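Only one structure is covered here, and it is reproduced in the block below.
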Amino acid sequence: MKYPYEIFISLRYLKTKKRYGTVSLNTFISIAGVVIGVATSIITLAVMTGFQGYFRDKILSAMPHIVVMEFTGTGVKDQQALQDKIDKVPHVLATTPFIYGQAMLTAQDRMQGVVVRGIDPQAEVRVTDLAKNMTTGMLKDLETGRGKLPGIIIGEDLARKLGVSVGDTITMVNPLGGEESAMGIIPKMKKFEIVGLFDAGMYDYNTTFVYIAIPDAQKFFEMPGRISGIQVRVDDVYQAGAISTAIQKAAGYPYITRNWMEQNKNFFSALLLEKIGMSLILFVIIIVASFNIIGTLTMIVMEKSREIAILKSMGATSRSVVKIFMFAGLAIGMVGTALGVIIGYSAVTVLTKTDVITLPKDVYQVSHLPLSISGFDILFISLTALGISFLATLYPAWQAAKQDPVEVLRYE
């Protein structure tokens with residue numbers, strides 16, 4: 001197969017010359033710069049995408065896609081009528097009632113503030129993955145009447161903080177409710193038996209949320225015959241915003257809706273901002289690596305000025321000279337990009353399978369570094385690296401093309 005002579009000459013210019021060894025060394029350095037930039041970009045984006053995907057999946061496994069609550073905060077009285085309206089909205093898969101409140105848990109000499117969620121143990125599996133996150137016990141153990149005390153399910157990390165386990169007794173304190181006495185308001189307290197532990201995969205969730213049955217929550221928070229709202233599961237989590245708007249219209253006043261993206265907007269906005277920031281930094285790294293290409297090609301132009309003059313005197317056009325150096329720069333960019341993709345993707349694969357990088361769970365919410373890379377991300381990084389490599393060839397190629405062969409050969 002015959003190649004254009006410009007490609008043949010450009011590849012020869014990148015090889016080592018017997019008299020000088022600098023060109024091949026600079027070529028190697030240029031390729032290494034592109035490799036490092038591409039590989040680093042792939043690994044970093046894999047980390048950012050992995051964190052984003054991991055937290056999204058864990059959040060969706062621990063909370064409903066949409067919640068519908070009463071505007072004034074007094075609670076929903078006609079639960080069944082509200083559920084019937086929501087169930088008729090397209091794309092709604094399941095609904096279940098819940099009660100929301102805040103309290104303090106005490107065990108021995110330890111105390112922790114928690115978010116209490118009153119749930120229907122039988123229906124909860126339809127809207128969240130709490131049952132799948134259970135590590136000890138089952139949701140049905142929450143049902144009143146299975147023991148002397150009502151049941152409660154807490155996170156594994158919370159159990160470790162309080163020094164308790166399944167079967168132990170724990171006291172729930174409501175500092176905002178209670179009875180008045182001569183000494184002031186006495187906070188309402190209620191003993192619960194720990195009937196199960198869960199692991200949502202996020203430290204904050206494991207130490208913040210606790211679950212009790214709806215009848216027990218109604219008694220503790222003094223909400224007889226009322227619930228805080230309705231939990232909703234939809235068929236497409238990325239359309240939760242539009243479905244939430246449709247539910248709002250169907251439910252009407254005085255109900256409001258919030259989807260999972262709104263409830264975690266600050267968190268995901270921070271992750272997105274970090275991903276954009278890291279992408280810009282990596283973009284700059286690739287640009288810096290491209291300066292090696294400019295330097296290498298400029299040195300080739302200086303060293304090969306006589307050969308370029310001879311080519312022009314033999315009939316080569318300025319466009320052909322430009323092509324020679326563009327091909328040389330693109331060769332560096334393509335080899336560097338290919339090697340960078342192989343190294344970066346291999347590193348992501350190895351780290352994903354081995355979980356060799358561990359993280360403090362109480363800081364990063366996850367015990368191992370989550371990694372995820374898509375074909376689109378790899379394609380975007382590769383095209384960006386090739387585009388920058390191509391732009392880096394323009395100045396050296398222009399410098400070579402504008403040389404006057406008569407002037408060059410006169411002084412050789």
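Just remember, in the structure tokens the first chain shown is A, the second B, etc., residues are 1-based per chain, and ligands are 1-based in the order shown.
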
**OP:** Please provide as a PyMOL selection string all residues within 12 Å of Met223 of chain A, with the sequence filter that same-chain residues fewer than 2 positions apart are discarded (counting only C-alpha atoms).
**Re:** chain A and resi 73-77+98-101+118+177+214-221+225-228

Original post:
Could you name the residues that touch Val34 of chain A at 12 Å or less, counting only C-alpha atoms, but leaving out those on the same chain fewer than 2 positions away, as number ranges by chain?
Top reply: A: 27-32, 36-41, 282-293, 329-341, 343-344, 381-382, 384-389, 392

Subject >> One-decimal distance in Å that lies between atom CA of Lys323 of chain A and atom CA of Leu394 of chain A >> reply: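 Interatomic distance here is 9.8 Å.
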
Subject >> Residue nearest Phe192 of chain A - candidates A:Thr106, A:Thr96, A:Asn206, A:Thr296, atoms counted: only C-alpha atoms >> reply: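 Of A:Thr106, A:Thr96, A:Asn206, A:Thr296, the one nearest Phe192 of chain A is A:Thr106, counting only C-alpha atoms.
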
Original post:
What does the distance from atom CA of Lys148 of chain A to atom CA of Asp129 of chain A come to in Å, to one decimal?
Top reply: 27.9 Å

Original post:
Would you give me, as an NGL selection string, the residues in segment 117-263 of chain A that DSSP reads as helix (DSSP H, G or I)?
Top reply: :A and (124-126 or 130-133 or 139-142 or 156-162 or 203-208 or 214-220 or 237-251 or 260-263)

Would you mind exporting the chosen residues as a CSV table (one decimal), in the first residue's frame, restricted to C-alpha atoms?
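Written out: part.csv:
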chain,number,residue,atom,x,y,z
A,124,GLU,CA,-42.2,0.2,52.1
A,125,VAL,CA,-40.6,-2.3,49.7
A,126,ARG,CA,-42.7,-0.8,46.8
A,130,LEU,CA,-34.8,-0.4,52.6
A,131,ALA,CA,-35.6,-4.1,52.8
A,132,LYS,CA,-32.6,-4.9,50.5
A,133,ASN,CA,-30.3,-2.7,52.7
A,139,LEU,CA,-39.0,-4.8,58.1
A,140,LYS,CA,-42.0,-6.8,59.3
A,141,ASP,CA,-40.4,-7.0,62.8
A,142,LEU,CA,-41.5,-3.3,63.2
A,156,GLU,CA,-25.1,0.0,61.5
A,157,ASP,CA,-22.9,3.0,62.0
A,158,LEU,CA,-25.4,4.6,64.5
A,159,ALA,CA,-25.5,1.3,66.4
A,160,ARG,CA,-21.7,1.4,66.7
A,161,LYS,CA,-21.8,5.0,67.9
A,162,LEU,CA,-24.4,4.2,70.6
A,203,TYR,CA,-22.4,7.1,56.6
A,204,ASP,CA,-24.7,10.1,57.0
A,205,TYR,CA,-27.8,8.0,56.2
A,206,ASN,CA,-26.6,5.2,58.5
A,207,THR,CA,-26.2,7.6,61.4
A,208,THR,CA,-29.2,9.9,60.7
A,214,ILE,CA,-46.6,4.3,61.4
A,215,PRO,CA,-48.8,3.6,64.4
A,216,ASP,CA,-45.9,4.1,66.8
A,217,ALA,CA,-44.8,7.3,65.0
A,218,GLN,CA,-48.4,8.6,65.3
A,219,LYS,CA,-48.4,8.1,69.0
A,220,PHE,CA,-44.9,9.4,69.6
A,237,VAL,CA,-35.9,8.8,38.0
A,238,TYR,CA,-34.5,11.3,35.5
A,239,GLN,CA,-38.1,12.5,34.7
A,240,ALA,CA,-39.0,12.9,38.4
A,241,GLY,CA,-39.1,16.7,38.0
A,242,ALA,CA,-41.8,16.5,35.3
A,243,ILE,CA,-43.8,13.8,37.1
A,244,SER,CA,-43.6,15.7,40.3
A,245,THR,CA,-45.2,18.7,38.6
A,246,ALA,CA,-48.0,16.5,37.3
A,247,ILE,CA,-48.6,15.1,40.8
A,248,GLN,CA,-48.7,18.7,42.1
A,249,LYS,CA,-51.4,19.6,39.7
A,250,ALA,CA,-53.4,16.4,40.4
A,251,ALA,CA,-53.1,16.8,44.2
A,260,TRP,CA,-35.1,13.4,44.9
A,261,MET,CA,-33.1,15.9,42.8
A,262,GLU,CA,-34.6,18.9,44.7
A,263,GLN,CA,-34.0,17.3,48.0

Please report, as a JSON list (two decimals) with C-alpha atoms, in the first residue's frame, each residue of segment 117-271 of chain A to which DSSP assigns strand (DSSP E or B) when run on this structure's backbone.
[["chain", "number", "residue", "atom", "x", "y", "z"],
["A", 117, "ARG", "CA", -39.44, 7.96, 59.60],
["A", 118, "GLY", "CA", -42.66, 6.17, 60.33],
["A", 119, "ILE", "CA", -43.32, 3.61, 57.59],
["A", 134, "MET", "CA", -31.20, -4.68, 55.86],
["A", 135, "THR", "CA", -28.21, -6.52, 57.29],
["A", 136, "THR", "CA", -29.94, -7.85, 60.40],
["A", 151, "GLY", "CA", -39.61, -2.01, 67.30],
["A", 152, "ILE", "CA", -37.09, 0.33, 65.72],
["A", 153, "ILE", "CA", -34.57, -0.14, 62.88],
["A", 154, "ILE", "CA", -31.34, 1.89, 62.94],
["A", 155, "GLY", "CA", -28.19, 2.09, 60.81],
["A", 169, "THR", "CA", -33.48, -1.25, 74.33],
["A", 170, "ILE", "CA", -33.09, 2.37, 73.25],
["A", 171, "THR", "CA", -34.89, 5.52, 74.38],
["A", 172, "MET", "CA", -36.34, 8.05, 71.93],
["A", 173, "VAL", "CA", -36.74, 11.61, 73.19],
["A", 174, "ASN", "CA", -38.92, 14.30, 71.58],
["A", 175, "PRO", "CA", -37.55, 17.62, 72.88],
["A", 176, "LEU", "CA", -40.32, 19.61, 71.18],
["A", 177, "GLY", "CA", -43.16, 17.67, 72.70],
["A", 178, "GLY", "CA", -44.01, 16.71, 76.24],
["A", 179, "GLU", "CA", -46.00, 17.63, 79.28],
["A", 180, "GLU", "CA", -45.86, 20.80, 81.34],
["A", 181, "SER", "CA", -44.93, 20.53, 84.99],
["A", 184, "GLY", "CA", -41.18, 23.25, 83.02],
["A", 185, "ILE", "CA", -41.84, 21.09, 79.95],
["A", 186, "ILE", "CA", -40.76, 17.48, 80.38],
["A", 187, "PRO", "CA", -39.66, 16.02, 77.00],
["A", 188, "LYS", "CA", -41.63, 13.04, 75.81],
["A", 189, "MET", "CA", -39.69, 9.78, 76.04],
["A", 190, "LYS", "CA", -40.45, 6.32, 74.69],
["A", 191, "LYS", "CA", -38.50, 3.06, 74.85],
["A", 192, "PHE", "CA", -38.02, 1.00, 71.69],
["A", 193, "GLU", "CA", -36.47, -2.38, 71.02],
["A", 194, "ILE", "CA", -33.91, -2.56, 68.21],
["A", 195, "VAL", "CA", -35.27, -5.20, 65.82],
["A", 196, "GLY", "CA", -32.98, -4.65, 62.84],
["A", 197, "LEU", "CA", -29.96, -2.89, 61.35],
["A", 198, "PHE", "CA", -29.51, -1.48, 57.85],
["A", 209, "PHE", "CA", -32.23, 7.84, 59.73],
["A", 210, "VAL", "CA", -34.19, 5.47, 61.94],
["A", 211, "TYR", "CA", -37.42, 3.67, 61.11],
["A", 212, "ILE", "CA", -40.47, 2.79, 63.19],
["A", 213, "ALA", "CA", -44.00, 1.67, 62.30],
["A", 227, "ILE", "CA", -49.52, 11.17, 58.29],
["A", 229, "GLY", "CA", -47.19, 12.65, 53.44],
["A", 230, "ILE", "CA", -47.03, 10.13, 50.63],
["A", 231, "GLN", "CA", -43.91, 8.52, 49.19],
["A", 232, "VAL", "CA", -43.93, 7.96, 45.42],
["A", 233, "ARG", "CA", -41.89, 5.70, 43.16],
["A", 234, "VAL", "CA", -41.78, 6.46, 39.40],
["A", 255, "TYR", "CA", -50.13, 19.79, 48.94],
["A", 256, "ILE", "CA", -46.56, 20.31, 47.74],
["A", 257, "THR", "CA", -44.20, 17.90, 46.04],
["A", 258, "ARG", "CA", -40.43, 17.49, 46.13],
["A", 259, "ASN", "CA", -38.43, 15.08, 43.99]]

Original post:
Of the candidates A:Ala400, A:Ile342, A:Ile59, A:Ala107, which one gets nearest to Met202 of chain A if we count only C-alpha atoms?
Top reply: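 Checking each of A:Ala400, A:Ile342, A:Ile59, A:Ala107 against Met202 of chain A, counting only C-alpha atoms, the winner is A:Ile59.
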